[in-house]
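Everything below concerns the one structure shown next.
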Amino acid sequence: MNGPGEPRDPDREDRAERLESALAERTADLQQVKAEYDNYRKRIRRDRLAVREAAVANVLTGMLPVLDAIDEARAQGEVTGGFRSVARLLEAQLASLGLQSVGEPGEPFDPRVHEAATCTTAAGTTSPVCTEVLRAGYRVGAHLLRPAQVAVTGPPDRPVGPPSA
């Protein structure tokens, strides 16, 4: 700006302040646009994942009757030979898409993932427990596709139902 002994130039100082102000304003605008763009990218990524998860869930839901038929055939001893290989391959491929089975005998009964088809009481039990899985349930990620139908055994003095709040 001004060197030692040079007179002050008010117009030059005023112009410098205006330029600094304009620079600060443009910098703030640029930072805001960058933040908006970053949020947009995150939202698009999240939306794409949600669409993918919904599409996978729809396909997997459509495959549940096929899995039920395989389970029924397996229970009757009819999953043999080449069909056994096909069943294993299908189950492996569905698992690679994130399909997980829900419901195992001995699990505590949870009405969020189990559907009680039958309920019996037994002395000595302290809480409702799944004693038999009548139809497997499935989930993909956090999304429950179908609850497991289970037989439940619980204490005689406590009804089976949602946990008390």
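Residue numbering restarts at 1 in every chain; chains get A, B, ... in the order shown in the structure tokens, and ligands count up from 1 in that same order.
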
- What's the 12 Å shell around stretch 91-95 of chain A, counting only C-alpha atoms, without same-chain residues fewer than 6 positions away, as a PyMOL selection string? chain A and resi 56-57+59-64+66-68+70-71+84-85+101+138-141

- Give the strand (DSSP E) residues of chain A, as assigned by DSSP on the backbone, as a ChimeraX atom specification. /A:99-102,114-121,129-135,137-140,143-146,148-154

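Shortest separation to A:Pro128 among A:Ala142, A:Asp110, A:Leu89, A:Glu115 occurs at residue A:Asp110, atoms counted being only C-alpha atoms.
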
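Minimum atom-to-atom distances from A:Glu104, A:Ala24, A:Pro155, A:Val150 to A:Ala123 were compared using only C-alpha atoms, and the lowest value belongs to A:Pro155.
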
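All residues of stretch 86-149 of chain A that DSSP, run on the backbone, classes as helix (DSSP H, G or I) are A:Val86, A:Ala87, A:Arg88, A:Leu89, A:Leu90, A:Glu91, A:Ala92, A:Gln93, A:Leu94, A:Ala95, A:Ser96.
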
Selection above as a file: N, CA and C atoms, as a PDB file, in the first residue's frame:
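Below you can see part02.pdb, which holds the result:
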ATOM      1  N   VAL A  86     -28.978 -77.336  -6.732  1.00  0.00           N
ATOM      2  CA  VAL A  86     -29.719 -76.142  -7.141  1.00  0.00           C
ATOM      3  C   VAL A  86     -30.221 -75.390  -5.909  1.00  0.00           C
ATOM      4  N   ALA A  87     -30.761 -76.107  -4.937  1.00  0.00           N
ATOM      5  CA  ALA A  87     -31.277 -75.480  -3.721  1.00  0.00           C
ATOM      6  C   ALA A  87     -30.161 -74.774  -2.960  1.00  0.00           C
ATOM      7  N   ARG A  88     -29.021 -75.439  -2.818  1.00  0.00           N
ATOM      8  CA  ARG A  88     -27.883 -74.818  -2.120  1.00  0.00           C
ATOM      9  C   ARG A  88     -27.395 -73.574  -2.848  1.00  0.00           C
ATOM     10  N   LEU A  89     -27.296 -73.659  -4.155  1.00  0.00           N
ATOM     11  CA  LEU A  89     -26.836 -72.517  -4.952  1.00  0.00           C
ATOM     12  C   LEU A  89     -27.809 -71.345  -4.840  1.00  0.00           C
ATOM     13  N   LEU A  90     -29.103 -71.639  -4.929  1.00  0.00           N
ATOM     14  CA  LEU A  90     -30.110 -70.587  -4.803  1.00  0.00           C
ATOM     15  C   LEU A  90     -30.018 -69.920  -3.431  1.00  0.00           C
ATOM     16  N   GLU A  91     -29.928 -70.725  -2.383  1.00  0.00           N
ATOM     17  CA  GLU A  91     -29.838 -70.168  -1.025  1.00  0.00           C
ATOM     18  C   GLU A  91     -28.571 -69.346  -0.846  1.00  0.00           C
ATOM     19  N   ALA A  92     -27.473 -69.784  -1.422  1.00  0.00           N
ATOM     20  CA  ALA A  92     -26.215 -69.033  -1.328  1.00  0.00           C
ATOM     21  C   ALA A  92     -26.322 -67.696  -2.068  1.00  0.00           C
ATOM     22  N   GLN A  93     -26.941 -67.717  -3.255  1.00  0.00           N
ATOM     23  CA  GLN A  93     -27.084 -66.477  -4.020  1.00  0.00           C
ATOM     24  C   GLN A  93     -27.996 -65.480  -3.300  1.00  0.00           C
ATOM     25  N   LEU A  94     -29.074 -65.979  -2.716  1.00  0.00           N
ATOM     26  CA  LEU A  94     -29.980 -65.092  -1.979  1.00  0.00           C
ATOM     27  C   LEU A  94     -29.299 -64.534  -0.736  1.00  0.00           C
ATOM     28  N   ALA A  95     -28.481 -65.347  -0.095  1.00  0.00           N
ATOM     29  CA  ALA A  95     -27.725 -64.869   1.068  1.00  0.00           C
ATOM     30  C   ALA A  95     -26.722 -63.805   0.649  1.00  0.00           C
ATOM     31  N   SER A  96     -26.144 -63.936  -0.537  1.00  0.00           N
ATOM     32  CA  SER A  96     -25.189 -62.925  -1.006  1.00  0.00           C
ATOM     33  C   SER A  96     -25.874 -61.586  -1.272  1.00  0.00           C
TER      34      SER A  96
END

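The space separating atom CA of A:Ala116 from atom CA of A:Pro147 comes to 9.6 Å.
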